[in-house]
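Following: one structure in structure tokens, then a few remarks.
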Amino acid sequence: MVKFKLFLVLFFSVNFCFAQINIGFLGLDFNKSKQIDILNERIDSLNAVISDNRKSHTKITRELDSTLNTTTQELFEIKSILKNYQDTVKVLKKQLYDITTPSDSTLMNGEYNSDVASEKWSEMDVFIENWSTTNLFPYVYTKNNKIPNSLNIPLFKYDSGFAIPFEGNVFSGFGMRRGRMHKGLDIRLQRHDTVRACMAGIVRFASYNSGGFGNIIIIRHLNGLETYYAHLQKMVVKPNDMIRAGDFIGTGGTSGTKRTGPHLHFECRWKDYPLDPRLFIDYTKFELKRDTLLISPKVLRAKPTPTRGKYHTIKSGDTLYGLALRYKTSVSRLCKLNGLKKTSTLRINQKIRIR
Ligand SMILES: [Zn+2]
């Protein structure tokens with residue numbers, strides 16, 4: 001009997017389980033289709049969003065394109081305005097140059113009477129012998145550099161005229177100054193003032209000089225004289241450039257000076273021998289005093305002593321401080337001359353500039 005009851009119980013429970021599984025499967029199918037519907041709805045709505053975005057994107061692209069077009073057009077206009085502006089500046093500069101540069105008729109003694117056409121200048125002896133674009137003083141070490149007893153050189157005969165390098169006050173002249181020979185005129189100017197070539201010639205040297213000249217232009221003239229223009233801010237000519245009297249060669253400044261302020265150091269030399277420019281230029285009336293210049297030992301009384309550097313070759317044990325003591329200079333001066341720092345190490349056989 002117990003066995004029969006047990007069998008019944010077992011029978012019913014098995015049936016019940018099967019029914020449950022069937023219901024479960026039905027329920028699962030129903031859930032799935034509902035989820036698919038939801039997913040489809042979401043896909044639809046996402047598609048709608050994408051399509052909206054695409055539309056607005058196309059709109060923005062179109063707007064950007066048109067903005068870009070306008071900007072490009074505006075840029076073109078600005079460029080053409082700028083071009084016009086630059087052209088005007090050029091014209092104005094030219095006018096300014098014409099106004100400030102003495103024309104041939106206003107050049108003192110101004111008729112052009114060169115015996116040699118300017119394209120032949122470079123073949124002339126004066127521009128070949130002792131020509132150096134790297135050496136400040138190319139004559140000084142040559143053997144036949146004797147001062148003539150009396151040689152009259154023309155200031156104009158071969159020249160196109162004369163111009164004052166800068167019409168300013170001479171605050172320091174040619175001659176002894178603080179125990180040293182001052183070999184030129186110091187002419188007061190403002191930084192960026194225009195400096196002009198006083199006579200026609202060819203630029204022999206145009207470079208920075210650390211010996212005190214700073215930016216210096218040297219022009220050799222047809223009569224053999226050389227003129228020096230030192231402490232320039234800017235140099236607008238280069239070696240071997242041909243120059244007419246009155247040409248703009250550079251702007252005034254303070255390069256190579258210490259405390260003097262902006263000025264032009266103007267020198268005139270004959271075969272490296274300095275002579276007083278005021279022998280032939282009246283620097284109060286700003287005019288030429290004479291047509292010829294007499295070269296003689298009296299006129300060339302100043303020695304051409306070049307500001308050549310003095311060097312020391314480093315040996316074991318040398319220090320900047322020791323060198324400063326030995327050569328009666330300072331460590332900071334040595335550093336400045338040689339581009340060193342006070343802490344720089346010195347190499348054996350390194351050449352150190354003393355002066
Ligand atoms: Zn000077």
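All residue names refer to the structure tokens as shown: chains lettered A, B, ... in order, residues numbered from 1 in each chain, ligands numbered from 1 in order.
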
So that each row is one residue of region 192-247 of chain A with an atom at most 12 Å from region 336-349 of chain A, can you give its shortest atom pair and the distance in Å to one decimal, using only C-alpha atoms, rows by chain and rising number, as a Markdown table?
| residue | atom | partner | partner_atom | distance |
| --- | --- | --- | --- | --- |
| A:Asn209 | CA | A:Leu337 | CA | 11.4 |
| A:Ser210 | CA | A:Leu337 | CA | 7.8 |
| A:Gly211 | CA | A:Leu337 | CA | 9.1 |
| A:Gly212 | CA | A:Leu337 | CA | 11.1 |

Could you give me, as a PyMOL selection string, each residue of region 111-270 of chain A that DSSP assigns to strand (DSSP E) when run on this structure's backbone?
chain A and resi 151-154+170-172+175-177+180-182+185-188+194-196+201-209+214-221+225-235+242-243+248-252+263-270

Counting only C-alpha atoms and all ligand atoms, what residues are within 6 Å of ligand 1, given as number ranges by chain?
A: 184-186, 265

Find the residue from A:Leu275, A:Leu46, A:Leu288, A:Leu96 that sits nearest to Pro165 (chain A); use only C-alpha atoms when measuring.
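Counting only C-alpha atoms, the residue closest to Pro165 (chain A) is A:Leu288.
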
Residues near Asn144 (chain A), cut-off 12 Å, only C-alpha atoms, skip fewer than 5 positions along chain, as a list of chain:residue names
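Once the nearby chain positions are removed, what remains is A:Glu129, A:Asn130, A:Tyr139, A:Lys271.
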
Could you list, as a compact mmCIF listing (two decimals) with C-alpha atoms, in the first residue's frame, every residue within 7 Å of region 224-240 of chain A, counting only C-alpha atoms and ignoring same-chain residues fewer than 4 positions away?
# COMPACT_ATOMS: atom_id res chain seq x y z
CA VAL A 126 93.98 101.74 -56.64
CA THR A 133 88.06 92.81 -47.49
CA HIS A 192 69.43 105.07 -36.72
CA ILE A 202 84.40 100.84 -53.56
CA VAL A 203 83.59 99.34 -50.16
CA ARG A 204 86.71 97.55 -48.99
CA PHE A 205 85.61 96.43 -45.54
CA ALA A 206 82.21 96.16 -43.87
CA PHE A 213 85.34 100.22 -34.05
CA GLY A 214 82.22 98.05 -33.73
CA ASN A 215 80.41 97.85 -37.04
CA ILE A 216 82.73 99.62 -39.44
CA ILE A 217 82.61 100.40 -43.15
CA ILE A 218 85.80 101.34 -44.98
CA ILE A 219 85.50 102.82 -48.46
CA ARG A 220 88.50 103.24 -50.71
CA ILE A 249 75.78 103.22 -46.35
CA GLY A 250 74.50 102.59 -42.83
CA THR A 251 72.83 103.95 -39.72
CA GLY A 252 74.45 105.51 -36.69
CA GLY A 253 74.68 103.71 -33.38
CA THR A 254 76.87 102.69 -30.49
CA SER A 255 78.45 99.41 -31.62
CA GLY A 256 81.96 99.02 -30.24
CA THR A 257 81.62 102.00 -27.91
CA HIS A 263 78.13 108.81 -32.51
CA LEU A 264 79.91 108.37 -35.81
CA HIS A 265 83.65 107.85 -35.59
CA PHE A 266 84.82 109.16 -38.98
CA GLU A 267 88.38 108.64 -40.14
CA CYS A 268 90.28 109.43 -43.27
CA ARG A 269 93.47 107.52 -44.07
CA TRP A 270 96.07 107.45 -46.78

So, with only C-alpha atoms as the atoms that count, which of A:Lys120, A:Lys289, A:Lys90, A:Arg259 lies closest to Met242 (chain A)?
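The shortest atom-to-atom distance to Met242 (chain A) comes from A:Lys120.
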
Can you work out which one of A:Thr194, A:Ser122, A:Ser332, A:Thr61 has the shortest atom-to-atom distance to Leu320 (chain A), counting only C-alpha atoms?
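Looking only at the distances to Leu320 (chain A), the closest residue turns out to be A:Ser332.
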
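When only C-alpha atoms are used to compute distances to Asp276 (chain A), the closest of the residues A:Gly246, A:Pro262, A:Gly161, A:Gly175 turns out to be A:Gly175.
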